[in-house]
$ cat protein.cif   # mmCIF, C-alpha atoms
data_structure
loop_
_atom_site.label_atom_id
_atom_site.label_comp_id
_atom_site.auth_asym_id
_atom_site.auth_seq_id
_atom_site.Cartn_x
_atom_site.Cartn_y
_atom_site.Cartn_z
CA MET A 592 -42.50 81.51 15.99
CA HIS A 593 -42.59 84.26 13.36
CA PHE A 594 -45.52 83.87 10.96
CA LYS A 595 -43.29 83.95 7.89
CA CYS A 596 -41.15 81.16 9.37
CA ALA A 597 -44.26 79.03 9.68
CA LEU A 598 -45.07 79.63 6.03
CA VAL A 599 -41.57 78.66 4.95
CA PHE A 600 -41.80 75.57 7.16
CA CYS A 601 -45.04 74.41 5.56
CA ALA A 602 -44.01 75.37 2.04
CA LEU A 603 -40.85 73.31 2.42
CA TYR A 604 -42.99 70.29 3.32
CA PHE A 605 -45.24 70.76 0.32
CA LEU A 606 -42.71 71.61 -2.35
CA THR A 607 -40.15 68.94 -1.48
CA SER A 608 -42.65 66.11 -0.98
CA ALA A 609 -43.13 65.91 -4.75
CA TRP A 610 -39.62 64.55 -5.26
CA SER A 611 -38.78 62.93 -1.93
CA THR A 612 -39.50 59.37 -0.96
CA GLY A 613 -39.60 59.75 2.81
CA LEU A 614 -38.81 56.62 4.84
CA ASN A 615 -40.35 53.16 4.92
CA SER A 616 -40.53 50.57 7.68
CA TYR A 617 -37.90 48.31 6.06
CA GLN A 618 -35.34 51.12 6.07
CA LEU A 619 -36.22 52.10 9.63
CA GLU A 620 -36.05 48.50 10.88
CA THR A 621 -32.62 48.09 9.27
CA LEU A 622 -31.31 51.12 11.16
CA GLN A 623 -33.17 50.13 14.32
CA ASN A 624 -31.39 46.77 14.39
CA LEU A 625 -28.03 48.36 13.63
CA TYR A 626 -28.30 50.93 16.43
CA LYS A 627 -30.16 48.80 18.99
CA PRO A 628 -27.08 48.12 21.20
CA TYR A 629 -25.84 51.73 20.92
CA LYS A 630 -28.61 54.02 22.17
CA THR A 631 -26.60 55.74 24.89
CA THR A 632 -23.08 55.21 23.55
CA ARG A 633 -20.60 57.14 21.41
CA ASN A 634 -18.82 55.73 18.34
CA GLY A 635 -20.49 52.35 18.70
CA VAL A 636 -21.53 52.37 15.04
CA LYS A 637 -18.47 53.06 12.92
CA GLU A 638 -18.40 54.82 9.57
CA GLU A 639 -17.39 51.60 7.81
CA THR A 640 -20.52 49.95 9.26
CA ILE A 641 -23.03 52.61 8.29
CA ARG A 642 -21.61 53.33 4.84
CA PRO A 643 -22.88 50.13 3.10
CA VAL A 644 -26.30 50.57 4.71
CA VAL A 645 -26.65 54.10 3.38
CA GLU A 646 -25.45 53.08 -0.07
CA ASN A 647 -27.30 49.76 -0.43
CA ILE A 648 -30.53 50.38 1.49
CA PHE A 649 -31.01 54.07 0.76
CA GLY A 650 -29.23 54.29 -2.59
CA MET A 651 -27.19 57.34 -1.54
CA GLU A 652 -23.50 58.01 -1.93
CA TRP A 653 -21.60 58.17 1.37
CA GLU A 654 -19.58 61.32 0.81
CA ASP A 655 -18.58 64.03 3.27
CA PRO A 656 -20.43 62.25 6.13
CA ASP A 657 -20.27 65.11 8.64
CA SER A 658 -21.85 67.83 6.48
CA GLU A 659 -24.02 65.57 4.30
CA PHE A 660 -25.31 63.17 6.97
CA GLY A 661 -24.56 64.85 10.28
CA PHE A 662 -22.19 62.04 11.20
CA TYR A 663 -20.04 64.04 13.60
CA LEU A 664 -17.46 62.02 15.52
CA ASP A 665 -17.97 63.96 18.75
CA GLU A 666 -21.72 63.18 18.92
CA SER A 667 -23.54 60.18 20.37
CA ASP A 668 -24.75 57.24 18.28
CA SER A 669 -28.38 58.23 18.84
CA MET A 670 -27.63 61.72 17.54
CA HIS A 671 -25.89 60.20 14.50
CA LEU A 672 -29.03 58.17 13.86
CA PHE A 673 -31.30 61.19 14.32
CA ASN A 674 -29.24 63.23 11.85
CA LEU A 675 -29.07 60.37 9.35
CA LEU A 676 -32.83 59.89 9.32
CA GLY A 677 -33.47 63.57 8.74
CA MET A 678 -31.12 63.64 5.74
CA MET A 679 -32.04 60.30 4.21
CA ALA A 680 -35.74 61.19 4.11
CA PHE A 681 -34.79 63.65 1.34
CA ASN A 682 -33.56 60.82 -0.90
CA GLU A 683 -34.61 61.60 -4.49
CA ILE A 684 -34.05 58.09 -5.85
CA LYS A 685 -37.31 56.34 -6.71
CA ARG A 686 -37.44 52.65 -5.87
CA THR A 687 -39.90 49.81 -6.13
CA ASP A 688 -39.79 47.88 -2.87
CA GLN A 689 -39.75 44.13 -3.11
CA ILE A 690 -42.31 43.83 -0.34
CA GLN A 691 -45.24 45.92 0.76
CA VAL A 692 -44.05 48.20 3.55
CA LYS A 693 -45.57 51.04 5.52
CA LYS A 694 -44.13 54.48 4.91
CA LEU A 695 -43.80 58.00 6.24
CA THR A 696 -43.73 60.86 3.75
CA LEU A 697 -41.04 63.49 3.90
CA SER A 698 -43.33 65.97 5.64
CA GLU A 699 -44.31 63.34 8.21
CA VAL A 700 -40.68 62.42 8.88
CA GLN A 701 -39.78 66.07 9.38
CA PHE A 702 -42.75 66.77 11.61
CA TYR A 703 -42.32 63.75 13.89
CA LEU A 704 -38.55 64.14 14.13
CA ASP A 705 -39.02 67.82 15.02
CA GLU A 706 -41.35 66.89 17.87
CA PHE A 707 -39.00 64.15 19.04
CA GLU A 708 -36.08 66.59 18.97
CA LYS A 709 -37.93 69.18 21.06
CA ARG A 710 -38.40 66.65 23.84
CA PHE A 711 -34.89 65.14 23.97
CA LYS A 712 -33.38 68.63 23.88
CA PHE A 713 -35.70 69.69 26.69
CA TYR A 714 -34.34 66.82 28.79
CA LYS A 715 -30.77 67.57 27.62
CA GLN A 716 -30.35 64.10 26.15
CA ASP A 717 -28.47 63.11 23.01
CA GLY A 718 -31.11 61.82 20.62
CA TYR A 719 -33.20 59.53 22.84
CA LEU A 720 -36.08 59.49 25.32
CA ASN A 721 -36.98 57.15 28.14
CA LEU A 722 -40.50 55.75 28.36
CA GLN A 723 -41.79 58.28 30.88
CA GLN A 724 -40.59 61.15 28.71
CA LEU A 725 -42.35 59.63 25.72
CA SER A 726 -45.67 60.69 27.24
CA GLN A 727 -44.71 64.35 26.86
CA VAL A 728 -44.03 64.41 23.12
CA PHE A 729 -47.62 65.14 22.02
CA VAL A 730 -49.35 66.56 25.09
CA ASN A 731 -51.41 68.82 22.82
CA TRP A 732 -52.43 66.13 20.32
CA LYS A 733 -54.79 63.82 22.17
CA THR A 734 -55.18 61.06 19.58
CA VAL A 735 -51.47 60.37 19.18
CA ASN A 736 -50.66 61.05 22.83
CA ASP A 737 -53.21 58.44 23.94
CA ALA A 738 -51.79 55.95 21.46
CA LEU A 739 -48.22 56.64 22.63
CA ASN A 740 -49.24 56.07 26.24
CA GLU A 741 -50.74 52.71 25.31
CA ARG A 742 -47.56 51.80 23.45
CA LYS A 743 -45.52 52.90 26.47
CA LYS A 744 -47.39 50.45 28.72
CA GLN A 745 -46.61 47.63 26.30
CA LEU A 746 -42.91 48.56 26.12
CA GLU A 747 -42.68 48.69 29.91
CA ILE A 748 -43.84 45.08 30.03
CA GLU A 749 -41.56 43.90 27.22
CA ASN A 750 -38.33 45.67 28.20
CA LYS A 751 -36.04 46.49 31.09
CA LYS A 752 -36.62 49.61 33.18
CA ASP A 753 -33.68 51.40 31.58
CA TYR A 754 -35.12 51.01 28.06
CA VAL A 755 -34.79 54.13 25.91
CA MET A 756 -36.18 54.98 22.48
CA ASN A 757 -34.07 56.44 19.68
CA ALA A 758 -35.35 58.15 16.52
CA ALA A 759 -35.75 54.91 14.53
CA ASP A 760 -37.74 53.33 17.38
CA PHE A 761 -39.89 56.42 17.56
CA LEU A 762 -40.67 56.64 13.84
CA LEU A 763 -41.53 52.93 13.68
CA THR A 764 -43.92 53.45 16.58
CA ILE A 765 -45.46 56.43 14.79
CA ILE A 766 -46.01 54.35 11.64
CA GLU A 767 -48.13 51.97 13.72
CA ILE A 768 -50.16 54.51 15.70
CA LYS A 769 -50.56 57.55 13.46
CA PRO A 770 -54.13 58.39 12.38
CA LYS A 771 -55.19 56.80 9.10
CA GLY A 772 -56.91 59.92 7.78
CA LEU A 773 -55.69 61.73 4.66
CA GLY A 774 -55.88 65.29 5.92
CA LEU A 775 -57.96 68.08 4.37
CA THR A 776 -58.24 69.71 0.96
CA LEU A 777 -58.70 73.41 0.31
CA ALA A 778 -62.43 72.91 -0.28
CA GLN A 779 -62.79 70.88 2.92
CA ILE A 780 -60.99 73.51 4.99
CA LYS A 781 -63.44 76.07 3.58
CA MET A 782 -66.28 74.00 5.09
CA PHE A 783 -64.88 74.72 8.55
CA ILE A 784 -64.52 78.41 7.75
CA ASP A 785 -68.22 78.46 6.84
CA LEU A 786 -69.07 76.48 9.97
CA TYR A 787 -67.35 79.07 12.14
CA ASP A 788 -68.89 82.01 10.26
CA ALA A 789 -72.34 80.63 11.03
CA HIS A 790 -71.58 80.47 14.77
CA LYS A 791 -69.06 83.21 15.54
CA THR A 792 -71.68 85.32 17.33
CA SER A 793 -73.04 82.34 19.28
CA ASP A 794 -71.97 80.79 22.55
CA GLY A 795 -70.50 77.84 20.65
CA ILE A 796 -70.87 75.69 17.54
CA ASN A 797 -74.15 73.84 17.24
CA ALA A 798 -73.63 70.08 17.51
CA ALA A 799 -75.98 69.36 14.61
CA ALA A 800 -74.02 71.72 12.36
CA SER A 801 -70.71 70.03 13.24
CA ARG A 802 -72.31 66.64 12.66
CA LYS A 803 -73.46 67.70 9.20
CA VAL A 804 -69.95 68.79 8.16
CA PHE A 805 -68.43 65.50 9.30
CA GLN A 806 -71.16 63.50 7.56
CA THR A 807 -70.50 65.46 4.36
CA LEU A 808 -66.88 64.34 4.64
CA GLY A 809 -68.09 60.75 4.93
CA ILE A 810 -66.87 60.41 8.53
CA GLN A 811 -68.80 58.01 10.73
CA ILE A 812 -70.17 59.70 13.85
CA ASP A 813 -69.27 57.78 17.02
CA ASP A 814 -69.65 58.51 20.73
CA ASP A 815 -66.32 60.34 20.93
CA LEU A 816 -67.34 62.69 18.14
CA GLU A 817 -70.75 63.31 19.70
CA LYS A 818 -69.03 64.23 22.95
CA LEU A 819 -66.71 66.60 21.08
CA PHE A 820 -69.62 68.23 19.21
CA LYS A 821 -71.51 68.86 22.46
CA SER A 822 -68.56 70.22 24.44
CA LYS A 823 -69.25 73.63 25.96
CA ARG A 824 -66.43 75.70 24.52
CA THR A 825 -66.32 78.85 22.46
CA ALA A 826 -66.60 78.46 18.70
CA GLU A 827 -62.99 79.62 18.29
CA ILE A 828 -61.53 77.03 20.67
CA LEU A 829 -63.74 74.12 19.60
CA LEU A 830 -62.86 74.78 15.96
CA LYS A 831 -59.23 73.80 16.61
CA ASP A 832 -60.22 70.32 17.80
CA LEU A 833 -62.80 69.87 15.07
CA ILE A 834 -60.33 70.57 12.27
CA ILE A 835 -57.68 68.21 13.68
CA VAL A 836 -60.13 65.36 14.27
CA ALA A 837 -61.59 65.84 10.79
CA ALA A 838 -58.11 65.59 9.25
CA GLU A 839 -57.43 62.44 11.31
CA ARG A 840 -60.58 60.70 10.07
CA ASN A 841 -61.18 62.11 6.61
CA MET A 842 -60.65 59.53 3.86
CA THR A 843 -62.10 61.54 0.96
CA VAL A 844 -58.97 63.26 -0.35
CA PRO A 845 -58.46 62.37 -4.03
CA LYS A 846 -55.18 60.54 -4.59
CA ASN A 847 -53.66 63.23 -6.82
CA GLU A 848 -55.14 66.23 -5.03
CA ARG A 849 -52.47 68.93 -5.03
CA ARG A 850 -54.11 71.39 -2.66
CA ALA A 851 -54.27 69.34 0.53
CA LEU A 852 -52.63 69.19 3.92
CA ARG A 853 -51.78 65.85 5.52
CA VAL A 854 -52.77 65.14 9.11
CA SER A 855 -49.34 65.98 10.52
CA GLU A 856 -49.34 69.23 8.54
CA VAL A 857 -52.76 70.23 9.88
CA VAL A 858 -51.54 69.54 13.43
CA SER A 859 -48.38 71.53 12.76
CA VAL A 860 -50.40 74.49 11.48
CA VAL A 861 -52.64 74.43 14.56
CA GLN A 862 -49.55 74.32 16.78
CA TYR A 863 -48.12 77.41 15.08
CA PHE A 864 -51.49 79.08 15.42
CA ASN A 865 -51.42 78.42 19.17
CA VAL A 866 -47.93 79.90 19.45
CA LEU A 867 -49.06 83.08 17.70
CA ASP A 868 -52.29 83.30 19.68
CA ILE A 869 -50.79 85.21 22.62
CA ASN A 870 -54.02 85.78 24.54
CA LYS A 871 -55.28 82.24 23.77
CA ASP A 872 -58.71 83.39 22.61
CA GLY A 873 -58.67 81.20 19.48
CA LEU A 874 -58.29 84.19 17.15
CA LEU A 875 -55.28 85.95 15.66
CA SER A 876 -55.34 89.73 15.57
CA SER A 877 -53.55 91.73 12.90
CA ASP A 878 -50.73 92.29 15.41
CA GLU A 879 -50.37 88.52 15.85
CA TYR A 880 -50.33 87.47 12.20
CA MET A 881 -48.16 90.42 11.14
CA GLU A 882 -48.46 92.88 8.30
CA ASP A 883 -45.53 91.54 6.26
CA LEU A 884 -47.57 88.47 5.25
CA LYS A 885 -49.63 90.76 3.01
CA GLY A 886 -46.47 91.52 1.02
CA ASP A 887 -45.75 87.79 0.67
CA PHE A 888 -49.18 87.23 -0.83
CA GLU A 889 -48.93 90.17 -3.22
CA ASP A 890 -45.49 89.07 -4.43
CA ALA A 891 -46.72 85.53 -5.02
CA LEU A 892 -49.79 86.73 -6.92
CA VAL A 893 -47.58 88.66 -9.35
CA SER A 894 -45.55 85.54 -10.16
CA ILE A 895 -48.09 82.76 -10.60
CA LYS A 896 -49.75 81.07 -13.53
CA GLU A 897 -53.51 80.93 -13.99
CA SER A 898 -55.29 79.49 -10.94
CA PRO A 899 -58.62 81.30 -10.45
CA GLU A 900 -59.66 79.52 -7.26
CA ALA A 901 -56.38 80.14 -5.43
CA ILE A 902 -56.12 83.71 -6.70
CA GLU A 903 -59.67 84.50 -5.62
CA ARG A 904 -59.15 83.22 -2.09
CA ALA A 905 -55.76 84.91 -1.78
CA GLN A 906 -57.24 88.17 -3.00
CA HIS A 907 -59.94 87.79 -0.36
CA TYR A 908 -57.30 87.74 2.36
CA ILE A 909 -55.51 90.76 0.93
CA ASN A 910 -58.68 92.85 0.51
CA VAL A 911 -60.74 91.77 3.50
CA ILE A 912 -58.34 90.43 6.12
CA PHE A 913 -55.07 92.33 5.68
CA LYS A 914 -56.43 95.70 4.59
CA GLY A 915 -59.23 95.52 7.13
CA ASN A 916 -57.00 94.33 9.98
CA LYS A 917 -59.49 91.53 10.67
CA THR A 918 -58.99 88.70 13.11
CA ILE A 919 -58.62 85.18 11.69
CA ASN A 920 -59.64 81.83 13.17
CA VAL A 921 -57.74 78.56 12.95
CA ALA A 922 -59.58 77.37 9.82
CA GLU A 923 -58.75 80.61 8.01
CA TYR A 924 -55.15 80.35 9.18
CA THR A 925 -54.99 76.78 7.84
CA GLU A 926 -56.42 77.89 4.52
CA LEU A 927 -53.90 80.75 4.46
CA MET A 928 -51.04 78.29 4.80
CA LEU A 929 -52.36 76.03 2.06
CA LEU A 930 -53.06 78.95 -0.27
CA MET A 931 -49.55 80.28 0.20
CA MET A 932 -48.12 76.89 -0.68
CA ASP A 933 -50.44 76.71 -3.68
CA LEU A 934 -49.23 80.08 -4.91
CA GLU A 935 -45.59 79.07 -4.45
CA GLU A 936 -46.21 75.84 -6.35
CA LEU A 937 -47.64 77.80 -9.27
CA ILE A 938 -44.64 80.11 -9.65
CA GLU A 939 -42.93 79.61 -13.00
CA PRO A 940 -39.85 77.34 -12.58
CA ASP A 941 -37.61 79.84 -14.36
CA ASP A 942 -39.05 82.87 -12.54
CA ASP A 943 -36.37 84.64 -10.51
CA ASN A 944 -39.02 85.72 -7.98
#
$ encode --input "protein.cif" --output "structure tokens"
Amino acid sequence: MHFKCALVFCALYFLTSAWSTGLNSYQLETLQNLYKPYKTTRNGVKEETIRPVVENIFGMEWEDPDSEFGFYLDESDSMHLFNLLGMMAFNEIKRTDQIQVKKLTLSEVQFYLDEFEKRFKFYKQDGYLNLQQLSQVFVNWKTVNDALNERKKQLEIENKKDYVMNAADFLLTIIEIKPKGLGLTLAQIKMFIDLYDAHKTSDGINAAASRKVFQTLGIQIDDDLEKLFKSKRTAEILLKDLIIVAAERNMTVPKNERRALRVSEVVSVVQYFNVLDINKDGLLSSDEYMEDLKGDFEDALVSIKESPEAIERAQHYINVIFKGNKTINVAEYTELMLLMMDLEELIEPDDDN
């Protein structure tokens, strides 16, 4: 995917999450029950059935259902549900739930639905996956893939062989198995940049150095982490796993921290990094991250308010990375994404740029 597209993708997550409510388990369970008998059917759930749910449970007006909610009559019920969930996650209405429920933020809903969509389109299916296909959704994200495989075993015991999972089923499963970590802040991402800089001329990253970073984040070191720290991989490749696992386990993100990436966003950034990394060496050359990003940074710098930390780091990329045609590692790429979002957030609301 084009680098600029990845920036737009991440910026959309960040900028819209401030006013979107995402989806909670009560809403998802309501739709799950409604669509349970209609996973592989067409027109099983009628417009007159879904309208009161959208209006009463989600607080949204049911108008122009095809363009507003993706409720196209020629599509399957599971596709209707998939489209509905994607649109209803953008609901701007703030509510106080009567009961404590688990939630997915807007960025999480978008990320997980995107991954779900990739797989059902790959299998040429209309908005659903069978249990065997479920194992292929996160082949490159070990923590969630392992959890999905465990969930798959349980579902195989509880259901018939022809059981399939629609988007509501999938998101409810994700709520239960997703890592509890809070992601990484700008300062925490910088710790991994420094970790790499200290080892980029070595055969790998020293286990003691990795351990120190994780301990600084307040993450308990267990056997799995020790095994990861001691793995014999290049610093560039190991860094990708270290930054994802840190985001999964880090609980030290202040509640109102603006410059932070959630776990799903960190994983998404690493996935884009892997797409751009053509030779799979764990580094992006200037050809891979593209010259036009420099212009994006310069334009954003002209338009922002005062933010010395963000400006300083952005200027570093312009002066050292872009002008010097330097390679960047996954931690720098992650910081780049977060900085770009930070700059966009600081643009004056009435600025035409």
$ atom_distance --input "protein.cif" --atom1 "CA of Val844 in chain A" --atom2 "CA of Ile812 in chain A"
18.4 Å
$ resolve_selection --input "protein.cif" --expression "the PyMOL selection byres ((chain A and resi 733) around 12)" --output "PyMOL selection string"
chain A and resi 726-732+734-740+769-770+832+835-836+839+858
$ write_last_selection --input "protein.cif" --atoms "C-alpha atoms" --output "mmCIF file, in the frame of the given file"
data_model
loop_
_atom_site.group_PDB
_atom_site.id
_atom_site.type_symbol
_atom_site.label_atom_id
_atom_site.label_comp_id
_atom_site.auth_asym_id
_atom_site.auth_seq_id
_atom_site.Cartn_x
_atom_site.Cartn_y
_atom_site.Cartn_z
ATOM 1 C CA SER A 726 -45.670 60.690 27.240
ATOM 2 C CA GLN A 727 -44.710 64.350 26.860
ATOM 3 C CA VAL A 728 -44.030 64.410 23.120
ATOM 4 C CA PHE A 729 -47.620 65.140 22.020
ATOM 5 C CA VAL A 730 -49.350 66.560 25.090
ATOM 6 C CA ASN A 731 -51.410 68.820 22.820
ATOM 7 C CA TRP A 732 -52.430 66.130 20.320
ATOM 8 C CA THR A 734 -55.180 61.060 19.580
ATOM 9 C CA VAL A 735 -51.470 60.370 19.180
ATOM 10 C CA ASN A 736 -50.660 61.050 22.830
ATOM 11 C CA ASP A 737 -53.210 58.440 23.940
ATOM 12 C CA ALA A 738 -51.790 55.950 21.460
ATOM 13 C CA LEU A 739 -48.220 56.640 22.630
ATOM 14 C CA ASN A 740 -49.240 56.070 26.240
ATOM 15 C CA LYS A 769 -50.560 57.550 13.460
ATOM 16 C CA PRO A 770 -54.130 58.390 12.380
ATOM 17 C CA ASP A 832 -60.220 70.320 17.800
ATOM 18 C CA ILE A 835 -57.680 68.210 13.680
ATOM 19 C CA VAL A 836 -60.130 65.360 14.270
ATOM 20 C CA GLU A 839 -57.430 62.440 11.310
ATOM 21 C CA VAL A 858 -51.540 69.540 13.430
#
$ axis_aligned_box --input "protein.cif" --around "range 822-831 of chain A" --padding-each-side "4 Å" --output "AutoDock Vina command-line options"
--center_x -64.2 --center_y 74.9 --center_z 21.0 --size_x 18.0 --size_y 17.4 --size_z 18.0
$ atom_distance --input "protein.cif" --atom1 "CA of Tyr714 in chain A" --atom2 "CA of Lys871 in chain A"
26.5 Å
$ closest_atom_pairs --input "protein.cif" --of "range 743-860 of chain A" --to "range 665-668 of chain A" --cutoff "12 Å" --atoms "only C-alpha atoms" --output "Markdown table"
| residue | atom | partner | partner_atom | distance |
| --- | --- | --- | --- | --- |
| A:Asn757 | CA | A:Asp668 | CA | 9.5 |
| A:Ala758 | CA | A:Asp668 | CA | 10.8 |
| A:Ala759 | CA | A:Asp668 | CA | 11.9 |
$ decode --input "protein.cif" --residues "range 702-711 of chain A" --atoms "all heavy atoms" --output "tab-separated table (two decimals), in the first residue's frame"
chain	number	residue	atom	x	y	z
A	702	PHE	N	-10.20	-1.57	12.38
A	702	PHE	CA	-9.08	-2.48	12.16
A	702	PHE	C	-9.54	-3.93	12.07
A	702	PHE	O	-9.20	-4.65	11.13
A	702	PHE	CB	-8.05	-2.33	13.28
A	702	PHE	CG	-6.94	-3.35	13.23
A	702	PHE	CD1	-5.95	-3.25	12.26
A	702	PHE	CD2	-6.90	-4.40	14.13
A	702	PHE	CE1	-4.92	-4.20	12.20
A	702	PHE	CE2	-5.89	-5.34	14.08
A	702	PHE	CZ	-4.89	-5.24	13.11
A	703	TYR	N	-10.33	-4.37	13.05
A	703	TYR	CA	-10.73	-5.78	13.08
A	703	TYR	C	-11.71	-6.11	11.94
A	703	TYR	O	-11.64	-7.21	11.38
A	703	TYR	CB	-11.34	-6.12	14.44
A	703	TYR	CG	-10.30	-6.16	15.55
A	703	TYR	CD1	-10.33	-5.24	16.60
A	703	TYR	CD2	-9.27	-7.09	15.53
A	703	TYR	CE1	-9.37	-5.26	17.60
A	703	TYR	CE2	-8.31	-7.12	16.53
A	703	TYR	CZ	-8.37	-6.20	17.56
A	703	TYR	OH	-7.41	-6.22	18.54
A	704	LEU	N	-12.59	-5.18	11.60
A	704	LEU	CA	-13.47	-5.43	10.47
A	704	LEU	C	-12.69	-5.48	9.16
A	704	LEU	O	-13.00	-6.29	8.27
A	704	LEU	CB	-14.56	-4.35	10.38
A	704	LEU	CG	-15.71	-4.43	11.37
A	704	LEU	CD1	-16.72	-3.32	11.10
A	704	LEU	CD2	-16.40	-5.79	11.34
A	705	ASP	N	-11.67	-4.65	9.04
A	705	ASP	CA	-10.82	-4.69	7.83
A	705	ASP	C	-10.16	-6.05	7.67
A	705	ASP	O	-10.11	-6.62	6.58
A	705	ASP	CB	-9.74	-3.60	7.90
A	705	ASP	CG	-10.28	-2.21	7.61
A	705	ASP	OD1	-11.42	-2.11	7.12
A	705	ASP	OD2	-9.56	-1.23	7.87
A	706	GLU	N	-9.64	-6.58	8.78
A	706	GLU	CA	-8.97	-7.88	8.72
A	706	GLU	C	-9.97	-9.00	8.40
A	706	GLU	O	-9.67	-9.93	7.65
A	706	GLU	CB	-8.25	-8.17	10.04
A	706	GLU	CG	-7.14	-7.18	10.37
A	706	GLU	CD	-6.09	-7.10	9.28
A	706	GLU	OE1	-5.58	-8.16	8.86
A	706	GLU	OE2	-5.78	-5.98	8.83
A	707	PHE	N	-11.15	-8.90	9.01
A	707	PHE	CA	-12.20	-9.88	8.74
A	707	PHE	C	-12.61	-9.84	7.27
A	707	PHE	O	-12.77	-10.87	6.62
A	707	PHE	CB	-13.40	-9.56	9.65
A	707	PHE	CG	-14.52	-10.57	9.61
A	707	PHE	CD1	-14.34	-11.83	10.16
A	707	PHE	CD2	-15.74	-10.24	9.05
A	707	PHE	CE1	-15.38	-12.77	10.14
A	707	PHE	CE2	-16.78	-11.16	9.03
A	707	PHE	CZ	-16.60	-12.43	9.57
A	708	GLU	N	-12.74	-8.62	6.73
A	708	GLU	CA	-13.14	-8.45	5.34
A	708	GLU	C	-12.11	-9.04	4.38
A	708	GLU	O	-12.46	-9.66	3.36
A	708	GLU	CB	-13.36	-6.98	5.03
A	708	GLU	CG	-13.82	-6.71	3.59
A	708	GLU	CD	-14.00	-5.24	3.31
A	708	GLU	OE1	-13.35	-4.41	3.98
A	708	GLU	OE2	-14.80	-4.90	2.42
A	709	LYS	N	-10.84	-8.84	4.66
A	709	LYS	CA	-9.79	-9.39	3.80
A	709	LYS	C	-9.94	-10.90	3.64
A	709	LYS	O	-9.79	-11.44	2.54
A	709	LYS	CB	-8.40	-9.09	4.39
A	709	LYS	CG	-7.98	-7.65	4.32
A	709	LYS	CD	-6.64	-7.46	5.03
A	709	LYS	CE	-6.27	-5.99	5.14
A	709	LYS	NZ	-5.01	-5.80	5.92
A	710	ARG	N	-10.27	-11.56	4.75
A	710	ARG	CA	-10.36	-13.03	4.70
A	710	ARG	C	-11.62	-13.49	4.00
A	710	ARG	O	-11.58	-14.40	3.17
A	710	ARG	CB	-10.30	-13.62	6.11
A	710	ARG	CG	-9.03	-13.35	6.87
A	710	ARG	CD	-7.78	-13.49	6.02
A	710	ARG	NE	-7.62	-14.81	5.43
A	710	ARG	CZ	-6.68	-15.14	4.56
A	710	ARG	NH1	-5.82	-14.24	4.15
A	710	ARG	NH2	-6.60	-16.37	4.08
A	711	PHE	N	-12.79	-12.90	4.29
A	711	PHE	CA	-14.00	-13.43	3.62
A	711	PHE	C	-14.00	-13.08	2.13
A	711	PHE	O	-14.55	-13.83	1.32
A	711	PHE	CB	-15.30	-13.02	4.34
A	711	PHE	CG	-15.77	-11.60	4.23
A	711	PHE	CD1	-16.20	-11.05	3.03
A	711	PHE	CD2	-15.85	-10.79	5.37
A	711	PHE	CE1	-16.68	-9.75	2.94
A	711	PHE	CE2	-16.32	-9.49	5.30
A	711	PHE	CZ	-16.74	-8.97	4.07
